[in-house]
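> As input, take run_1.txt (compact mmCIF, C-alpha atoms and all ligand atoms):
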```txt
# COMPACT_ATOMS: atom_id res chain seq x y z
CA MET A 27 -17.96 -9.68 11.17
CA THR A 28 -14.84 -10.13 9.01
CA THR A 29 -11.50 -10.60 10.77
CA PRO A 30 -9.18 -7.57 10.85
CA VAL A 31 -5.81 -8.27 9.24
CA LEU A 32 -4.45 -4.93 10.33
CA LYS A 33 -5.68 -3.09 13.40
CA VAL A 34 -4.67 0.43 14.37
CA GLU A 35 -5.62 1.56 17.87
CA GLN A 36 -5.32 5.08 19.27
CA LEU A 37 -2.36 5.92 17.07
CA CYS A 38 -0.68 9.24 17.85
CA LYS A 39 2.27 10.78 16.03
CA SER A 40 3.76 14.17 16.85
CA PHE A 41 6.62 16.05 15.26
CA GLY A 42 7.68 18.34 18.07
CA GLY A 43 4.59 20.45 18.71
CA VAL A 44 2.80 19.30 15.52
CA HIS A 45 0.21 16.60 16.22
CA ALA A 46 0.17 14.94 12.79
CA ILE A 47 -1.99 11.99 13.97
CA SER A 48 -4.28 12.09 17.01
CA ASP A 49 -5.96 9.06 18.54
CA LEU A 50 -6.54 7.32 15.21
CA SER A 51 -8.20 3.88 15.18
CA PHE A 52 -9.27 1.81 12.19
CA GLU A 53 -8.92 -1.70 10.83
CA VAL A 54 -8.34 -3.33 7.48
CA ARG A 55 -10.33 -6.55 7.20
CA ASP A 56 -9.50 -9.80 5.47
CA ALA A 57 -9.40 -9.36 1.65
CA GLU A 58 -10.78 -5.84 1.93
CA ILE A 59 -9.84 -2.64 0.11
CA LEU A 60 -9.82 0.25 2.58
CA GLY A 61 -9.40 3.74 1.15
CA LEU A 62 -7.66 6.38 3.29
CA ILE A 63 -8.48 9.90 2.15
CA GLY A 64 -8.34 13.47 3.40
CA PRO A 65 -7.11 16.95 2.50
CA ASN A 66 -3.41 17.79 2.07
CA GLY A 67 -1.64 17.63 5.41
CA SER A 68 -4.40 15.56 7.07
CA GLY A 69 -1.95 12.81 8.06
CA LYS A 70 -2.32 10.07 5.43
CA SER A 71 1.38 9.66 4.63
CA THR A 72 2.32 9.91 8.29
CA THR A 73 -0.13 7.08 9.01
CA VAL A 74 1.35 4.87 6.28
CA ASN A 75 4.89 5.66 7.43
CA CYS A 76 3.99 4.71 11.02
CA LEU A 77 2.38 1.47 9.80
CA ALA A 78 5.37 0.55 7.64
CA GLY A 79 7.89 1.37 10.39
CA VAL A 80 9.53 4.31 8.61
CA LEU A 81 8.44 6.57 11.48
CA PRO A 82 8.26 5.58 15.15
CA VAL A 83 4.80 6.04 16.67
CA THR A 84 4.40 8.46 19.55
CA SER A 85 1.82 6.13 21.12
CA GLY A 86 -0.81 3.57 20.16
CA ALA A 87 -0.92 -0.02 18.93
CA ILE A 88 -0.58 -1.59 15.49
CA THR A 89 -1.52 -5.26 15.17
CA LEU A 90 -0.87 -7.32 12.04
CA GLY A 91 -2.31 -10.82 11.80
CA GLY A 92 -2.71 -10.89 15.58
CA GLN A 93 0.87 -9.74 16.31
CA ARG A 94 1.80 -6.35 17.77
CA ILE A 95 4.24 -4.72 15.35
CA GLU A 96 4.51 -1.03 16.28
CA THR A 97 8.01 -1.43 17.71
CA LEU A 98 9.35 -3.75 14.99
CA PRO A 99 11.81 -2.44 12.39
CA GLU A 100 10.59 -1.97 8.83
CA TYR A 101 12.03 -5.23 7.43
CA GLU A 102 10.42 -7.33 10.17
CA ARG A 103 7.03 -5.84 9.37
CA VAL A 104 7.58 -6.95 5.76
CA ALA A 105 8.40 -10.45 7.00
CA CYS A 106 5.21 -10.34 9.12
CA GLY A 107 3.17 -9.73 5.96
CA MET A 108 2.94 -6.00 5.25
CA THR A 109 4.50 -4.39 2.18
CA ARG A 110 4.12 -0.93 0.68
CA THR A 111 4.66 1.26 -2.34
CA PHE A 112 5.88 4.86 -2.32
CA GLN A 113 4.62 8.08 -3.93
CA THR A 114 7.63 8.04 -6.24
CA ALA A 115 8.87 4.96 -8.09
CA SER A 116 12.10 3.45 -6.81
CA THR A 117 13.55 0.70 -8.96
CA PHE A 118 16.78 -0.96 -10.15
CA PRO A 119 17.39 0.34 -13.71
CA GLU A 120 19.77 -2.47 -14.74
CA PHE A 121 17.47 -5.31 -13.64
CA THR A 122 14.89 -6.85 -15.91
CA VAL A 123 11.28 -6.34 -14.85
CA ARG A 124 10.97 -10.03 -13.92
CA ASP A 125 14.17 -10.03 -11.86
CA GLN A 126 13.14 -7.00 -9.87
CA ILE A 127 9.81 -8.66 -9.01
CA MET A 128 11.66 -11.89 -8.09
CA LEU A 129 13.86 -9.89 -5.76
CA GLY A 130 10.75 -8.47 -4.05
CA GLY A 131 9.63 -12.06 -3.45
CA ASN A 132 12.79 -13.13 -1.72
CA VAL A 133 11.80 -11.78 1.69
CA THR A 134 9.60 -14.87 2.03
CA ARG A 135 12.43 -17.26 1.25
CA THR A 136 15.09 -18.93 3.32
CA SER A 137 17.67 -19.10 0.51
CA HIS A 138 19.95 -16.19 -0.39
CA PRO A 139 18.05 -13.25 -1.99
CA ILE A 140 20.24 -13.17 -5.09
CA SER A 141 19.92 -16.92 -5.72
CA SER A 142 16.63 -16.89 -7.63
CA VAL A 143 17.72 -13.97 -9.79
CA PHE A 144 20.65 -16.07 -11.00
CA GLY A 145 18.77 -19.38 -10.96
CA ILE A 146 20.92 -21.01 -8.27
CA GLY A 147 18.27 -21.36 -5.54
CA ARG A 148 18.95 -23.98 -2.90
CA HIS A 149 15.23 -24.45 -2.18
CA ARG A 150 13.68 -25.70 -5.35
CA GLY A 151 10.14 -25.81 -3.94
CA GLU A 152 10.35 -22.18 -2.90
CA ASP A 153 11.73 -21.21 -6.31
CA GLU A 154 8.80 -22.86 -8.05
CA VAL A 155 6.19 -21.25 -5.78
CA LEU A 156 7.80 -17.84 -6.28
CA ALA A 157 8.07 -18.31 -10.06
CA ARG A 158 4.35 -19.17 -10.23
CA ARG A 159 3.46 -16.14 -8.09
CA VAL A 160 5.64 -13.86 -10.21
CA ALA A 161 4.01 -15.17 -13.40
CA HIS A 162 0.57 -14.35 -11.96
CA ILE A 163 1.73 -10.91 -10.82
CA LEU A 164 3.22 -10.14 -14.25
CA ASP A 165 -0.13 -11.06 -15.70
CA ILE A 166 -2.38 -8.95 -13.45
CA THR A 167 -0.08 -5.91 -13.50
CA GLY A 168 0.04 -5.93 -17.32
CA LEU A 169 3.84 -6.26 -17.21
CA ALA A 170 4.08 -9.75 -18.77
CA GLN A 171 4.86 -8.41 -22.23
CA ILE A 172 7.83 -6.42 -20.93
CA ALA A 173 9.06 -8.99 -18.38
CA GLY A 174 12.46 -9.16 -20.09
CA ALA A 175 12.92 -5.40 -20.52
CA ARG A 176 15.47 -3.47 -18.44
CA VAL A 177 13.69 -1.46 -15.74
CA GLY A 178 15.55 1.70 -16.80
CA THR A 179 13.93 1.54 -20.25
CA ILE A 180 10.25 1.24 -19.26
CA SER A 181 7.78 4.13 -18.92
CA SER A 182 7.10 5.90 -15.63
CA ALA A 183 3.58 4.42 -15.55
CA GLN A 184 5.05 0.92 -16.03
CA GLN A 185 7.51 1.68 -13.20
CA ARG A 186 4.58 2.47 -10.91
CA PHE A 187 2.94 -0.86 -11.76
CA LEU A 188 6.32 -2.53 -11.23
CA MET A 189 6.52 -1.05 -7.73
CA ILE A 190 3.14 -2.63 -6.90
CA ALA A 191 4.27 -5.93 -8.48
CA THR A 192 7.46 -5.94 -6.39
CA ALA A 193 5.50 -5.28 -3.18
CA LEU A 194 3.06 -8.07 -4.09
CA ALA A 195 5.82 -10.60 -4.76
CA ALA A 196 6.61 -10.67 -1.04
CA ASP A 197 3.27 -12.50 -0.59
CA PRO A 198 1.88 -9.94 1.88
CA LYS A 199 -1.27 -10.20 4.00
CA VAL A 200 -1.77 -6.48 3.45
CA ILE A 201 -0.31 -4.05 0.94
CA LEU A 202 -0.13 -0.28 1.48
CA LEU A 203 -0.49 1.74 -1.73
CA ASP A 204 0.59 5.38 -1.38
CA GLU A 205 -1.01 7.47 -4.16
CA PRO A 206 -0.73 4.75 -6.82
CA ALA A 207 -2.64 6.81 -9.43
CA ALA A 208 -0.29 9.81 -9.28
CA GLY A 209 0.88 10.66 -12.78
CA LEU A 210 -1.32 8.04 -14.50
CA VAL A 211 -3.60 8.91 -17.40
CA SER A 212 -7.17 7.71 -17.77
CA HIS A 213 -6.61 4.27 -19.37
CA GLU A 214 -3.75 3.57 -16.92
CA ARG A 215 -6.06 4.43 -14.00
CA LYS A 216 -8.55 1.89 -15.37
CA THR A 217 -5.77 -0.74 -15.41
CA LEU A 218 -4.85 0.27 -11.85
CA THR A 219 -8.48 -0.03 -10.72
CA ASP A 220 -8.66 -3.56 -12.13
CA LEU A 221 -5.30 -4.41 -10.57
CA ILE A 222 -6.33 -3.28 -7.07
CA LYS A 223 -9.44 -5.46 -7.33
CA SER A 224 -7.31 -8.39 -8.55
CA ILE A 225 -5.06 -7.97 -5.51
CA ARG A 226 -8.12 -8.33 -3.28
CA ASP A 227 -9.16 -11.37 -5.32
CA MET A 228 -5.76 -12.93 -4.45
CA GLY A 229 -6.86 -12.69 -0.79
CA VAL A 230 -4.56 -9.74 -0.02
CA SER A 231 -5.99 -6.79 1.92
CA VAL A 232 -5.28 -3.33 0.53
CA LEU A 233 -4.91 0.05 2.24
CA VAL A 234 -4.88 2.70 -0.46
CA ILE A 235 -4.19 6.42 -0.08
CA GLU A 236 -5.41 8.35 -3.07
CA HIS A 237 -6.54 11.83 -4.07
CA HIS A 238 -8.27 10.61 -7.24
CA MET A 239 -11.84 10.42 -5.95
CA ALA A 240 -13.41 8.50 -8.84
CA LEU A 241 -10.80 5.76 -8.40
CA ILE A 242 -11.09 5.57 -4.62
CA MET A 243 -14.90 5.48 -4.76
CA GLU A 244 -14.75 2.72 -7.38
CA VAL A 245 -12.23 0.39 -5.69
CA SER A 246 -12.85 0.81 -1.96
CA ASP A 247 -15.03 -1.52 0.07
CA ARG A 248 -14.86 1.04 2.88
CA ILE A 249 -13.23 4.44 3.26
CA CYS A 250 -11.67 6.14 6.28
CA VAL A 251 -11.45 9.95 6.14
CA LEU A 252 -8.84 12.03 7.98
CA ASN A 253 -8.82 15.73 8.71
CA PHE A 254 -6.18 17.46 10.85
CA GLY A 255 -4.84 14.04 11.90
CA SER A 256 -8.14 12.69 13.21
CA LYS A 257 -10.74 10.36 11.71
CA ILE A 258 -13.85 12.30 10.77
CA ALA A 259 -15.77 9.53 9.00
CA GLU A 260 -15.63 5.85 8.06
CA GLY A 261 -18.02 3.81 5.92
CA THR A 262 -18.92 2.62 2.46
CA PRO A 263 -18.20 4.91 -0.51
CA GLN A 264 -21.91 5.78 -0.54
CA ASP A 265 -21.84 6.72 3.17
CA ILE A 266 -18.74 8.87 2.64
CA ARG A 267 -20.14 10.65 -0.42
CA ASN A 268 -23.14 11.75 1.64
CA ASP A 269 -21.32 12.58 4.88
CA ARG A 270 -21.72 16.25 5.75
CA ALA A 271 -18.39 16.53 7.62
CA VAL A 272 -16.53 14.95 4.67
CA ILE A 273 -18.24 17.19 2.13
CA ASP A 274 -17.35 20.26 4.18
CA ALA A 275 -13.74 19.23 4.88
CA TYR A 276 -12.75 17.58 1.63
CA LEU A 277 -15.14 16.51 -1.10
CA GLY A 278 -17.15 19.66 -1.66
CA GLU A 279 -20.71 19.59 -3.01
CA ALA A 280 -19.78 18.30 -6.47
CA ALA A 281 -18.50 14.86 -5.38
N1 LIG A 301 8.83 15.10 9.16
C1 LIG A 301 7.92 16.01 9.55
N2 LIG A 301 8.25 17.01 10.41
C2 LIG A 301 7.33 17.90 10.83
N3 LIG A 301 6.03 17.88 10.45
C3 LIG A 301 5.65 16.91 9.60
C4 LIG A 301 6.57 15.93 9.10
N4 LIG A 301 5.89 15.10 8.27
C5 LIG A 301 4.61 15.54 8.24
N5 LIG A 301 4.47 16.63 9.03
C6 LIG A 301 3.23 17.35 9.28
O1 LIG A 301 2.26 16.41 9.66
C7 LIG A 301 1.00 16.74 9.09
C8 LIG A 301 0.49 15.57 8.26
O2 LIG A 301 1.31 15.45 7.09
P1 LIG A 301 1.14 14.25 6.04
O3 LIG A 301 2.25 14.40 5.03
O4 LIG A 301 1.02 12.97 6.77
O5 LIG A 301 -0.26 14.60 5.37
P2 LIG A 301 -0.92 13.97 4.06
O6 LIG A 301 -2.37 13.79 4.39
O7 LIG A 301 -0.17 12.77 3.64
O8 LIG A 301 -0.74 15.15 2.99
P3 LIG A 301 -0.62 15.05 1.38
O9 LIG A 301 -1.97 14.65 0.88
O10 LIG A 301 -0.25 16.44 1.01
O11 LIG A 301 0.46 14.04 1.07
C9 LIG A 301 1.20 18.04 8.31
O12 LIG A 301 0.86 19.11 9.17
C10 LIG A 301 2.67 18.03 8.02
O13 LIG A 301 3.17 19.34 7.86
```
Let me see the file written as structure tokens.


Amino acid sequence: MTTPVLKVEQLCKSFGGVHAISDLSFEVRDAEILGLIGPNGSGKSTTVNCLAGVLPVTSGAITLGGQRIETLPEYERVACGMTRTFQTASTFPEFTVRDQIMLGGNVTRTSHPISSVFGIGRHRGEDEVLARRVAHILDITGLAQIAGARVGTISSAQQRFLMIATALAADPKVILLDEPAAGLVSHERKTLTDLIKSIRDMGVSVLVIEHHMALIMEVSDRICVLNFGSKIAEGTPQDIRNDRAVIDAYLGEAA
């Protein structure tokens, strides 16, 4: 049995009388890609926001690398090894692509965050490790050729890859990808598919929310399916494709 990096136990989240998440338990294992799917309003974003610390949980436990984190603020969860992307790209238009990724990496450093951007790092060893990681990330995200471009000048698809690159630079144990394929065309989705697998190959676990079924079936080692805030199925892509409850609630007969 592979070790869970991230464990969610009996998570509940209510907004007033709306029970967005009810008694949800699942785990993301070491170097695993777990897909989180379900119809609109089934609770996927709420789950990610509770994991990342954007929303307080109503009850339940979240454990990351053996440490309980459900009461920690967002930035401490990042420091514990969990980073995320958002449904919409958020970037610094005046930065170069490389500098924005470097900035994402600075949460793992003890020197001042701005130091590596301006090349005045006090911790040379850390600078070198980060520079090597950023070079690898530029490579696997396909951003190497535009590393010197201003973020404000790159395409929206490149900005989405940049958001993943920035989250990866923090050297996370687990990365949460919230609808990474939104707005991407076919060849960009192929690049994204390869990228998600490369992230796993780096030893980073991935939790990915996605509506694009071909992509989620292709990249996921396992899939967890939500409906009305509860888990209705969990298993391999093949299990999920053939699950009657999932077909009825979400996939339909054609999947
Ligand atoms: N801030 C909020 N206040 C009140 N209700 C909310 C809030 N955020 C989410 N909800 C409700 O919680 C439920 C789950 O919403 P959530 O956005 O997590 O679903 P989702 O699966 O991510 O949907 P989508 O695929 O459309 O993004 C829905 O009923 C939604 O209306």

> For range 51-61 of chain A, work out the shell of residues within 7 Å, counting only C-alpha atoms and skipping chain neighbours fewer than 4 positions away, then give it as a ChimeraX atom specification.

/A:28-37,226,229-235,242,245-250

> Around ligand LIG 301 (chain A), out to 6 Å and counting only C-alpha atoms and all ligand atoms, which residues are there? I want them as a list in words.

Phe41, Ala46, Pro65, Asn66, Gly67, Ser68, Gly69, Lys70, Ser71 and Thr72 of chain A

> How far is it from CA of Gly79 in chain A to CA of Pro99 in chain A, in Å with one decimal?

5.8 Å

> Show which residues sit within 12 Å of Val160 in chain A, as a CSV table (one decimal) with C-alpha atoms, in the frame of the given file. Count all atoms listed in the file, and ignore same-chain residues fewer than 2 positions away.


```csv
chain,number,residue,atom,x,y,z
A,123,VAL,CA,11.3,-6.3,-14.8
A,124,ARG,CA,11.0,-10.0,-13.9
A,125,ASP,CA,14.2,-10.0,-11.9
A,126,GLN,CA,13.1,-7.0,-9.9
A,127,ILE,CA,9.8,-8.7,-9.0
A,128,MET,CA,11.7,-11.9,-8.1
A,129,LEU,CA,13.9,-9.9,-5.8
A,130,GLY,CA,10.8,-8.5,-4.0
A,131,GLY,CA,9.6,-12.1,-3.4
A,132,ASN,CA,12.8,-13.1,-1.7
A,142,SER,CA,16.6,-16.9,-7.6
A,153,ASP,CA,11.7,-21.2,-6.3
A,154,GLU,CA,8.8,-22.9,-8.0
A,155,VAL,CA,6.2,-21.2,-5.8
A,156,LEU,CA,7.8,-17.8,-6.3
A,157,ALA,CA,8.1,-18.3,-10.1
A,158,ARG,CA,4.4,-19.2,-10.2
A,162,HIS,CA,0.6,-14.4,-12.0
A,163,ILE,CA,1.7,-10.9,-10.8
A,164,LEU,CA,3.2,-10.1,-14.2
A,165,ASP,CA,-0.1,-11.1,-15.7
A,166,ILE,CA,-2.4,-9.0,-13.4
A,167,THR,CA,-0.1,-5.9,-13.5
A,169,LEU,CA,3.8,-6.3,-17.2
A,170,ALA,CA,4.1,-9.8,-18.8
A,173,ALA,CA,9.1,-9.0,-18.4
A,188,LEU,CA,6.3,-2.5,-11.2
A,190,ILE,CA,3.1,-2.6,-6.9
A,191,ALA,CA,4.3,-5.9,-8.5
A,192,THR,CA,7.5,-5.9,-6.4
A,193,ALA,CA,5.5,-5.3,-3.2
A,194,LEU,CA,3.1,-8.1,-4.1
A,195,ALA,CA,5.8,-10.6,-4.8
A,196,ALA,CA,6.6,-10.7,-1.0
A,197,ASP,CA,3.3,-12.5,-0.6
```

> Could you give me, as an mmCIF file with C-alpha atoms, in the coordinates of the input, the residues that sit within 12 Å of (9.4, -1.6, -22.7) in the file's coordinates, counting all atoms listed in the file?


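Full text of selection-v7.cif as output:
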```cif
data_model
loop_
_atom_site.group_PDB
_atom_site.id
_atom_site.type_symbol
_atom_site.label_atom_id
_atom_site.label_comp_id
_atom_site.auth_asym_id
_atom_site.auth_seq_id
_atom_site.Cartn_x
_atom_site.Cartn_y
_atom_site.Cartn_z
ATOM 1 C CA THR A 122 14.890 -6.850 -15.910
ATOM 2 C CA VAL A 123 11.280 -6.340 -14.850
ATOM 3 C CA GLY A 168 0.040 -5.930 -17.320
ATOM 4 C CA LEU A 169 3.840 -6.260 -17.210
ATOM 5 C CA ALA A 170 4.080 -9.750 -18.770
ATOM 6 C CA GLN A 171 4.860 -8.410 -22.230
ATOM 7 C CA ILE A 172 7.830 -6.420 -20.930
ATOM 8 C CA ALA A 173 9.060 -8.990 -18.380
ATOM 9 C CA GLY A 174 12.460 -9.160 -20.090
ATOM 10 C CA ALA A 175 12.920 -5.400 -20.520
ATOM 11 C CA ARG A 176 15.470 -3.470 -18.440
ATOM 12 C CA VAL A 177 13.690 -1.460 -15.740
ATOM 13 C CA GLY A 178 15.550 1.700 -16.800
ATOM 14 C CA THR A 179 13.930 1.540 -20.250
ATOM 15 C CA ILE A 180 10.250 1.240 -19.260
ATOM 16 C CA SER A 181 7.780 4.130 -18.920
ATOM 17 C CA SER A 182 7.100 5.900 -15.630
ATOM 18 C CA ALA A 183 3.580 4.420 -15.550
ATOM 19 C CA GLN A 184 5.050 0.920 -16.030
ATOM 20 C CA GLN A 185 7.510 1.680 -13.200
ATOM 21 C CA LEU A 188 6.320 -2.530 -11.230
#
```

> Could you check the closest approach to Glu244 in chain A for each of A:Leu218, A:Ser256, A:Asn268, A:His213 and tell me which residue wins, using only C-alpha atoms?

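The shortest atom-to-atom distance to Glu244 in chain A comes from A:Leu218.
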
> Just to confirm, what's the straight-line distance from CA of Ile95 in chain A to CA of Gly255 in chain A in Å (one decimal)?

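Distance reported for this atom pair: 21.1 Å.
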
> Could you work out how far CA of Gly64 in chain A lies from CA of His45 in chain A, giving the answer in Å with one decimal?

15.7 Å

> Hey, can you pull every residue with an atom no more than 12 Å from (-15.4, 10.0, 4.5), using only C-alpha atoms, and send it as an NGL selection string?

:A and (60-65 or 239 or 242-243 or 246 or 248-253 or 256-278 or 281)

> I'd like the contact shell of Phe112 in chain A - 12 Å cut-off, all atoms listed in the file, skipping same-chain residues fewer than 3 positions apart - returned as number ranges by chain.

A: 71, 74-75, 78, 80, 109, 115-117, 185-190, 192-193, 201-208, 234-236

> Measuring between all atoms listed in the file, which one of A:Phe121, A:Val104, A:Ala240, A:Lys39 shows the shortest distance to Ala87 in chain A?

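Going through A:Phe121, A:Val104, A:Ala240, A:Lys39 one by one, the smallest distance to Ala87 in chain A is for A:Lys39.
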
> Please rebuild range 79-90 of chain A with N, CA and C atoms and return the result as a PDB file, in the coordinates of the input.


```pdb
ATOM      1  N   GLY A  79       6.698   1.368   9.528  1.00  0.00           N
ATOM      2  CA  GLY A  79       7.890   1.370  10.390  1.00  0.00           C
ATOM      3  C   GLY A  79       8.941   2.377   9.951  1.00  0.00           C
ATOM      4  N   VAL A  80       8.596   3.263   9.023  1.00  0.00           N
ATOM      5  CA  VAL A  80       9.530   4.310   8.610  1.00  0.00           C
ATOM      6  C   VAL A  80       9.609   5.379   9.704  1.00  0.00           C
ATOM      7  N   LEU A  81       8.478   5.615  10.368  1.00  0.00           N
ATOM      8  CA  LEU A  81       8.440   6.570  11.480  1.00  0.00           C
ATOM      9  C   LEU A  81       8.054   5.845  12.758  1.00  0.00           C
ATOM     10  N   PRO A  82       8.715   6.161  13.886  1.00  0.00           N
ATOM     11  CA  PRO A  82       8.260   5.580  15.150  1.00  0.00           C
ATOM     12  C   PRO A  82       6.951   6.237  15.591  1.00  0.00           C
ATOM     13  N   VAL A  83       6.055   5.438  16.179  1.00  0.00           N
ATOM     14  CA  VAL A  83       4.800   6.040  16.670  1.00  0.00           C
ATOM     15  C   VAL A  83       5.089   6.781  17.970  1.00  0.00           C
ATOM     16  N   THR A  84       4.296   7.795  18.253  1.00  0.00           N
ATOM     17  CA  THR A  84       4.400   8.460  19.550  1.00  0.00           C
ATOM     18  C   THR A  84       3.695   7.614  20.611  1.00  0.00           C
ATOM     19  N   SER A  85       2.517   7.087  20.256  1.00  0.00           N
ATOM     20  CA  SER A  85       1.820   6.130  21.120  1.00  0.00           C
ATOM     21  C   SER A  85       0.767   5.404  20.286  1.00  0.00           C
ATOM     22  N   GLY A  86       0.224   4.334  20.856  1.00  0.00           N
ATOM     23  CA  GLY A  86      -0.810   3.570  20.160  1.00  0.00           C
ATOM     24  C   GLY A  86      -0.311   2.194  19.767  1.00  0.00           C
ATOM     25  N   ALA A  87      -1.239   1.375  19.273  1.00  0.00           N
ATOM     26  CA  ALA A  87      -0.920  -0.020  18.930  1.00  0.00           C
ATOM     27  C   ALA A  87      -1.223  -0.304  17.467  1.00  0.00           C
ATOM     28  N   ILE A  88      -0.349  -1.112  16.860  1.00  0.00           N
ATOM     29  CA  ILE A  88      -0.580  -1.590  15.490  1.00  0.00           C
ATOM     30  C   ILE A  88      -0.451  -3.115  15.536  1.00  0.00           C
ATOM     31  N   THR A  89      -1.509  -3.802  15.111  1.00  0.00           N
ATOM     32  CA  THR A  89      -1.520  -5.260  15.170  1.00  0.00           C
ATOM     33  C   THR A  89      -1.707  -5.818  13.764  1.00  0.00           C
ATOM     34  N   LEU A  90      -0.817  -6.710  13.377  1.00  0.00           N
ATOM     35  CA  LEU A  90      -0.870  -7.320  12.040  1.00  0.00           C
ATOM     36  C   LEU A  90      -0.997  -8.823  12.198  1.00  0.00           C
TER      37      LEU A  90
END
```
